[in-house]
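I have placed the structure first, in the form of structure tokens, so that the comments after it can refer back to it.
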Amino acid sequence: MELRVLRYFLAVAREENISAAADYLHLTQPTLSRQLMDLEEELGKKLFIRGNRKITLTEDGVLFRKRANEILDLVEKTESELRSVDEDIAGDIYIGGGESEAMRLVAQAAHILQKRYPNIHYHLYSGNADDVGERLDKGLLDFGILIEPFDRKKYDSLRLPVRERWGVLMRKDSPLADCDYITPDDLKDKPLLHSRQSKVQDGIQAWFGYDIEELNIVGTYNLLYNASLMVEEGVCYALCLDKLINTTGDSNLCFRPLINQMTAGIDLVWKKYQVFSKAADKFLEIMREQMIPHENGTLS
């Protein structure tokens, strides 16, 4: 299977039309159609449903699109790393993480590094811990920002001087807005959204002291912004981390922490035995330097 054929496939999946994809790729329509049929024959799977005016992906096609994107991303990342070997410190750093104040520490390190090595570029991927872990495992990310707990057998890590506080996002006119802290009993009959990442679910369940399936779970979220719109419209409450959604000023929302101060540590992680590019190695060096003032009890 050739990389150019993966690009042909992705162009057709994006354009949903053979003629439009052929024009984009500067190919004739018969040539592109033949390449796609050869690809399906090679895979032994039907990837497209060919309609009169529109082409859609089969279930196998959807999976193949995901894998094709990952393959091409990895090729691009590898080519960038190899090009940087004979250059000064330059290249690309790929960092993934969820919504967290810890990303500010990444930004501070990037700012320092930018002054020293202006030819380093940063590519940020937003996702929950499960998404980030999958991309780390496949080599698509150099680093991830993960909330504890995570699998320490798979990753090396650098503990960041940040602890995230768990609580509930709600409307300011909610009955629970008058509470200083939220207890498990407060939420028993309330419609809830919670993060769908598995490790977080385990921690929340431990705080409740019983199976969260007994709660009125109306849905899950990946990143919090869209969930906050559901909360603002009065659909539900959201179990989440503090400081991710603006609750000041004219906002209709407020945050109330869980009782007993359920907090979570944050780590910068990378695959064990990872071989870094020069750029990624310098980034980790700066992150470690930034942690020293915190370890000594001072601010950077």
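Following the order of the structure tokens, first chain is A, next is B, and so on, with residues numbered from 1 inside each chain and ligands from 1 in the order they appear.
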
key: Neighbour list for Leu36 of chain A as a VMD selection string, cut-off 10 Å, only C-alpha atoms, skip fewer than 6 positions in-chain   = chain A and resid 5 to 6 8 to 9 12 18 30 42 46 to 48

Please build the interface table for segment 186-246 of chain A against segment 258-266 of chain A with a cut-off of 9 Å, listing for each qualifying residue the nearest atom pair and the distance in Å to one decimal; count only C-alpha atoms, order rows by chain and increasing number, and write it as CSV.
residue,atom,partner,partner_atom,distance
A:Gly203,CA,A:Met262,CA,9.0
A:Ile204,CA,A:Met262,CA,8.8
A:Trp207,CA,A:Met262,CA,7.6
A:Leu241,CA,A:Thr263,CA,8.8

request  = Find the distance between atom CA of Tyr237 of chain A and atom CA of Leu193 of chain A and write it in Å to one decimal.
outcome  =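 Rounded to one decimal, the two atoms are 6.2 Å apart.
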
Considering only C-alpha atoms, give me a table of residues in segment 244-278 of chain A that are at most 12 Å from segment 214-224 of chain A, with the closest atom pair and distance in Å for each, as a Markdown table.
| residue | atom | partner | partner_atom | distance |
| --- | --- | --- | --- | --- |
| A:Leu244 | CA | A:Leu224 | CA | 7.6 |
| A:Ile245 | CA | A:Leu224 | CA | 7.8 |
| A:Asn246 | CA | A:Leu224 | CA | 11.4 |

task = Work out how far apart atom CA of His194 of chain A and atom CA of Val168 of chain A are and give it in Å to one decimal.
result = 9.6 Å

inquiry  = When DSSP is applied to the backbone of this structure, which of segment 55-157 of chain A are assigned strand (DSSP E)? Write them out as a PyMOL selection string.
reply    = chain A and resi 55-57+91-97+120-126+143-147+155-157

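Distances here use only C-alpha atoms; by that measure, the residue among A:Arg256, A:Leu72, A:Ala90, A:Arg34 closest to Pro175 of chain A is A:Arg256.
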
request  = Would you mind telling me which residue in A:Asp250, A:Asp180, A:Asp60, A:Glu2 lies nearest to Gln35 of chain A when using only C-alpha atoms?
outcome  =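 Between A:Asp250, A:Asp180, A:Asp60, A:Glu2, the residue approaching Gln35 of chain A most closely is A:Glu2.
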
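The shell of residues at most 9 Å from Tyr273 of chain A, with only C-alpha atoms counted and near chain neighbours (fewer than 2 positions) removed, consists of Tyr155, Asp156, Trp270, Lys271 and Val275 of chain A.
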
Convert the current residue selection to file output with all heavy atoms, as a compact mmCIF listing (two decimals), in the first residue's frame.
# COMPACT_ATOMS: atom_id res chain seq x y z
N TYR A 155 4.48 4.72 30.93
CA TYR A 155 4.98 6.07 30.70
C TYR A 155 5.98 6.50 31.77
O TYR A 155 5.83 6.17 32.94
CB TYR A 155 3.83 7.08 30.70
CG TYR A 155 2.71 6.74 29.76
CD1 TYR A 155 1.43 6.44 30.23
CD2 TYR A 155 2.92 6.70 28.38
CE1 TYR A 155 0.40 6.12 29.37
CE2 TYR A 155 1.89 6.37 27.51
CZ TYR A 155 0.63 6.08 28.00
OH TYR A 155 -0.39 5.76 27.15
N ASP A 156 6.98 7.25 31.33
CA ASP A 156 7.79 8.05 32.25
C ASP A 156 7.06 9.37 32.44
O ASP A 156 6.25 9.78 31.59
CB ASP A 156 9.18 8.28 31.68
CG ASP A 156 10.03 7.02 31.74
OD1 ASP A 156 9.92 6.27 32.72
OD2 ASP A 156 10.80 6.77 30.79
N TRP A 270 5.52 10.69 28.87
CA TRP A 270 5.99 10.27 27.55
C TRP A 270 6.24 8.76 27.60
O TRP A 270 6.37 8.18 28.68
CB TRP A 270 7.27 11.03 27.16
CG TRP A 270 8.40 10.89 28.13
CD1 TRP A 270 9.44 10.02 28.10
CD2 TRP A 270 8.61 11.69 29.32
NE1 TRP A 270 10.28 10.19 29.16
CE2 TRP A 270 9.81 11.22 29.92
CE3 TRP A 270 7.92 12.76 29.91
CZ2 TRP A 270 10.30 11.78 31.10
CZ3 TRP A 270 8.41 13.30 31.08
CH2 TRP A 270 9.59 12.83 31.67
N LYS A 271 6.28 8.13 26.45
CA LYS A 271 6.46 6.68 26.40
C LYS A 271 7.80 6.28 26.99
O LYS A 271 8.81 6.96 26.79
CB LYS A 271 6.39 6.19 24.95
CG LYS A 271 5.00 6.12 24.36
CD LYS A 271 5.04 5.71 22.90
CE LYS A 271 5.53 4.27 22.74
NZ LYS A 271 5.47 3.83 21.32
N VAL A 275 12.71 7.75 22.20
CA VAL A 275 13.86 8.43 21.60
C VAL A 275 13.36 9.77 21.08
O VAL A 275 12.57 9.82 20.14
CB VAL A 275 14.47 7.60 20.46
CG1 VAL A 275 15.63 8.35 19.82
CG2 VAL A 275 14.94 6.24 20.98

message = Env of Ile93 of chain A: 9 Å cut, atoms = only C-alpha atoms, seq-sep filter 2 positions within chain, self excluded. Answer as number ranges by chain.
response = A: 77, 91, 95, 120-124, 141-143, 277, 279-280, 283

ask   = Which residue out of A:Asp267, A:Thr56, A:Ile212, A:Lys282 has the minimum interatomic distance to Met103 of chain A when only C-alpha atoms are used?
value =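 Closest candidate: A:Asp267.
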
request  = Could you give me, as an MDAnalysis selection string, the residues within 10 Å of Glu232 of chain A, counting only C-alpha atoms and dropping anything in the same chain fewer than 2 positions from it?
outcome  = chainID A and resid 169:172 226:230 234:237 251:254

Generate a file of the selected residues that holds all heavy atoms, formatted as a tab-separated table (two decimals), in the first residue's frame.
chain	number	residue	atom	x	y	z
A	169	LEU	N	-20.14	21.91	38.02
A	169	LEU	CA	-20.51	23.11	37.30
A	169	LEU	C	-22.03	23.18	37.24
A	169	LEU	O	-22.69	22.20	36.89
A	169	LEU	CB	-19.92	23.07	35.89
A	169	LEU	CG	-20.05	24.36	35.07
A	169	LEU	CD1	-19.16	25.46	35.65
A	169	LEU	CD2	-19.68	24.08	33.61
A	170	MET	N	-22.58	24.34	37.57
A	170	MET	CA	-24.04	24.48	37.63
A	170	MET	C	-24.44	25.91	37.32
A	170	MET	O	-23.59	26.82	37.28
A	170	MET	CB	-24.54	24.09	39.02
A	170	MET	CG	-24.06	25.03	40.12
A	170	MET	SD	-24.46	24.45	41.79
A	170	MET	CE	-23.26	23.13	42.00
A	171	ARG	N	-25.72	26.11	37.12
A	171	ARG	CA	-26.23	27.46	36.97
A	171	ARG	C	-26.21	28.19	38.32
A	171	ARG	O	-26.35	27.56	39.37
A	171	ARG	CB	-27.66	27.43	36.43
A	171	ARG	CG	-27.76	27.01	34.97
A	171	ARG	CD	-29.23	26.83	34.56
A	171	ARG	NE	-30.00	28.03	34.79
A	171	ARG	CZ	-30.28	28.96	33.87
A	171	ARG	NH1	-29.84	28.79	32.63
A	171	ARG	NH2	-31.00	30.03	34.17
A	172	LYS	N	-26.06	29.51	38.27
A	172	LYS	CA	-26.04	30.28	39.50
A	172	LYS	C	-27.39	30.28	40.22
A	172	LYS	O	-27.45	30.56	41.42
A	172	LYS	CB	-25.59	31.71	39.22
A	172	LYS	CG	-24.10	31.82	38.92
A	172	LYS	CD	-23.69	33.26	38.62
A	172	LYS	CE	-22.18	33.34	38.39
A	172	LYS	NZ	-21.74	34.69	38.01
A	226	ASN	N	-18.48	22.23	25.46
A	226	ASN	CA	-19.82	21.88	25.00
A	226	ASN	C	-20.72	21.42	26.14
A	226	ASN	O	-21.92	21.70	26.16
A	226	ASN	CB	-19.75	20.80	23.92
A	226	ASN	CG	-19.22	21.35	22.61
A	226	ASN	OD1	-19.25	22.55	22.36
A	226	ASN	ND2	-18.72	20.46	21.75
A	227	ALA	N	-20.13	20.72	27.10
A	227	ALA	CA	-20.91	20.30	28.27
A	227	ALA	C	-21.41	21.52	29.04
A	227	ALA	O	-22.52	21.52	29.57
A	227	ALA	CB	-20.06	19.41	29.18
A	228	SER	N	-20.59	22.58	29.09
A	228	SER	CA	-21.00	23.78	29.83
A	228	SER	C	-22.22	24.44	29.19
A	228	SER	O	-23.02	25.08	29.89
A	228	SER	CB	-19.84	24.78	29.91
A	228	SER	OG	-19.62	25.43	28.67
A	229	LEU	N	-22.38	24.29	27.88
A	229	LEU	CA	-23.56	24.85	27.21
A	229	LEU	C	-24.82	24.09	27.64
A	229	LEU	O	-25.89	24.69	27.82
A	229	LEU	CB	-23.39	24.78	25.70
A	229	LEU	CG	-22.20	25.56	25.11
A	229	LEU	CD1	-22.18	25.42	23.59
A	229	LEU	CD2	-22.26	27.03	25.51
A	230	MET	N	-24.67	22.77	27.81
A	230	MET	CA	-25.80	21.97	28.31
A	230	MET	C	-26.18	22.41	29.71
A	230	MET	O	-27.37	22.54	30.05
A	230	MET	CB	-25.43	20.49	28.30
A	230	MET	CG	-25.05	19.93	26.94
A	230	MET	SD	-26.49	19.52	25.95
A	230	MET	CE	-26.94	17.93	26.68
A	234	GLY	N	-29.70	24.56	31.35
A	234	GLY	CA	-30.50	23.94	32.39
A	234	GLY	C	-30.77	22.46	32.19
A	234	GLY	O	-31.63	21.89	32.86
A	235	VAL	N	-30.01	21.82	31.28
A	235	VAL	CA	-30.23	20.40	31.02
A	235	VAL	C	-29.71	19.54	32.17
A	235	VAL	O	-30.32	18.53	32.53
A	235	VAL	CB	-29.52	19.98	29.71
A	235	VAL	CG1	-29.65	18.47	29.47
A	235	VAL	CG2	-30.10	20.76	28.54
A	236	CYS	N	-28.60	19.95	32.78
A	236	CYS	CA	-27.93	19.06	33.73
A	236	CYS	C	-26.90	19.82	34.54
A	236	CYS	O	-26.68	21.02	34.36
A	236	CYS	CB	-27.25	17.92	32.98
A	236	CYS	SG	-26.12	18.54	31.70
A	237	TYR	N	-26.24	19.08	35.44
A	237	TYR	CA	-25.04	19.52	36.14
A	237	TYR	C	-23.86	18.77	35.50
A	237	TYR	O	-24.05	17.71	34.91
A	237	TYR	CB	-25.10	19.16	37.62
A	237	TYR	CG	-26.20	19.84	38.40
A	237	TYR	CD1	-27.54	19.44	38.28
A	237	TYR	CD2	-25.91	20.87	39.29
A	237	TYR	CE1	-28.55	20.06	39.01
A	237	TYR	CE2	-26.90	21.49	40.03
A	237	TYR	CZ	-28.22	21.09	39.89
A	237	TYR	OH	-29.21	21.69	40.61
A	251	SER	N	-21.25	35.64	33.76
A	251	SER	CA	-21.52	34.23	33.50
A	251	SER	C	-22.73	33.75	34.30
A	251	SER	O	-22.93	34.15	35.46
A	251	SER	CB	-20.30	33.37	33.88
A	251	SER	OG	-20.61	31.99	33.81
A	252	ASN	N	-23.52	32.89	33.68
A	252	ASN	CA	-24.68	32.30	34.37
A	252	ASN	C	-24.29	31.08	35.20
A	252	ASN	O	-25.16	30.45	35.82
A	252	ASN	CB	-25.75	31.88	33.35
A	252	ASN	CG	-26.36	33.07	32.65
A	252	ASN	OD1	-26.55	34.12	33.26
A	252	ASN	ND2	-26.66	32.92	31.37
A	253	LEU	N	-23.01	30.72	35.18
A	253	LEU	CA	-22.56	29.48	35.79
A	253	LEU	C	-21.73	29.72	37.04
A	253	LEU	O	-21.13	30.79	37.23
A	253	LEU	CB	-21.72	28.68	34.78
A	253	LEU	CG	-22.42	28.31	33.47
A	253	LEU	CD1	-21.45	27.62	32.54
A	253	LEU	CD2	-23.64	27.45	33.73
A	254	CYS	N	-21.67	28.71	37.89
A	254	CYS	CA	-20.79	28.73	39.05
A	254	CYS	C	-20.25	27.33	39.28
A	254	CYS	O	-20.77	26.35	38.74
A	254	CYS	CB	-21.50	29.25	40.30
A	254	CYS	SG	-22.87	28.21	40.86

note = Ile145 of chain A proximity check over A:Glu285, A:Asp178, A:Glu101, A:Glu15, using only C-alpha atoms: winner is A:Glu101

key: Shell of 7 Å around Asp242 of chain A, only C-alpha atoms, local chain residues under 4 positions omitted, as a PyMOL selection string   = chain A and resi 164-167+255

Give me a file of those residues, with C-alpha atoms, as an mmCIF file, in the first residue's frame.
data_model
loop_
_atom_site.group_PDB
_atom_site.id
_atom_site.type_symbol
_atom_site.label_atom_id
_atom_site.label_comp_id
_atom_site.auth_asym_id
_atom_site.auth_seq_id
_atom_site.Cartn_x
_atom_site.Cartn_y
_atom_site.Cartn_z
ATOM 1 C CA GLU A 164 -6.800 20.124 39.958
ATOM 2 C CA ARG A 165 -9.897 20.382 42.139
ATOM 3 C CA TRP A 166 -13.001 18.364 41.274
ATOM 4 C CA GLY A 167 -16.451 19.793 41.688
ATOM 5 C CA PHE A 255 -18.514 25.976 40.359
#

note = One decimal place gives the atom CA of Asp92 of chain A-atom CA of Ser80 of chain A separation as 6.8 Å
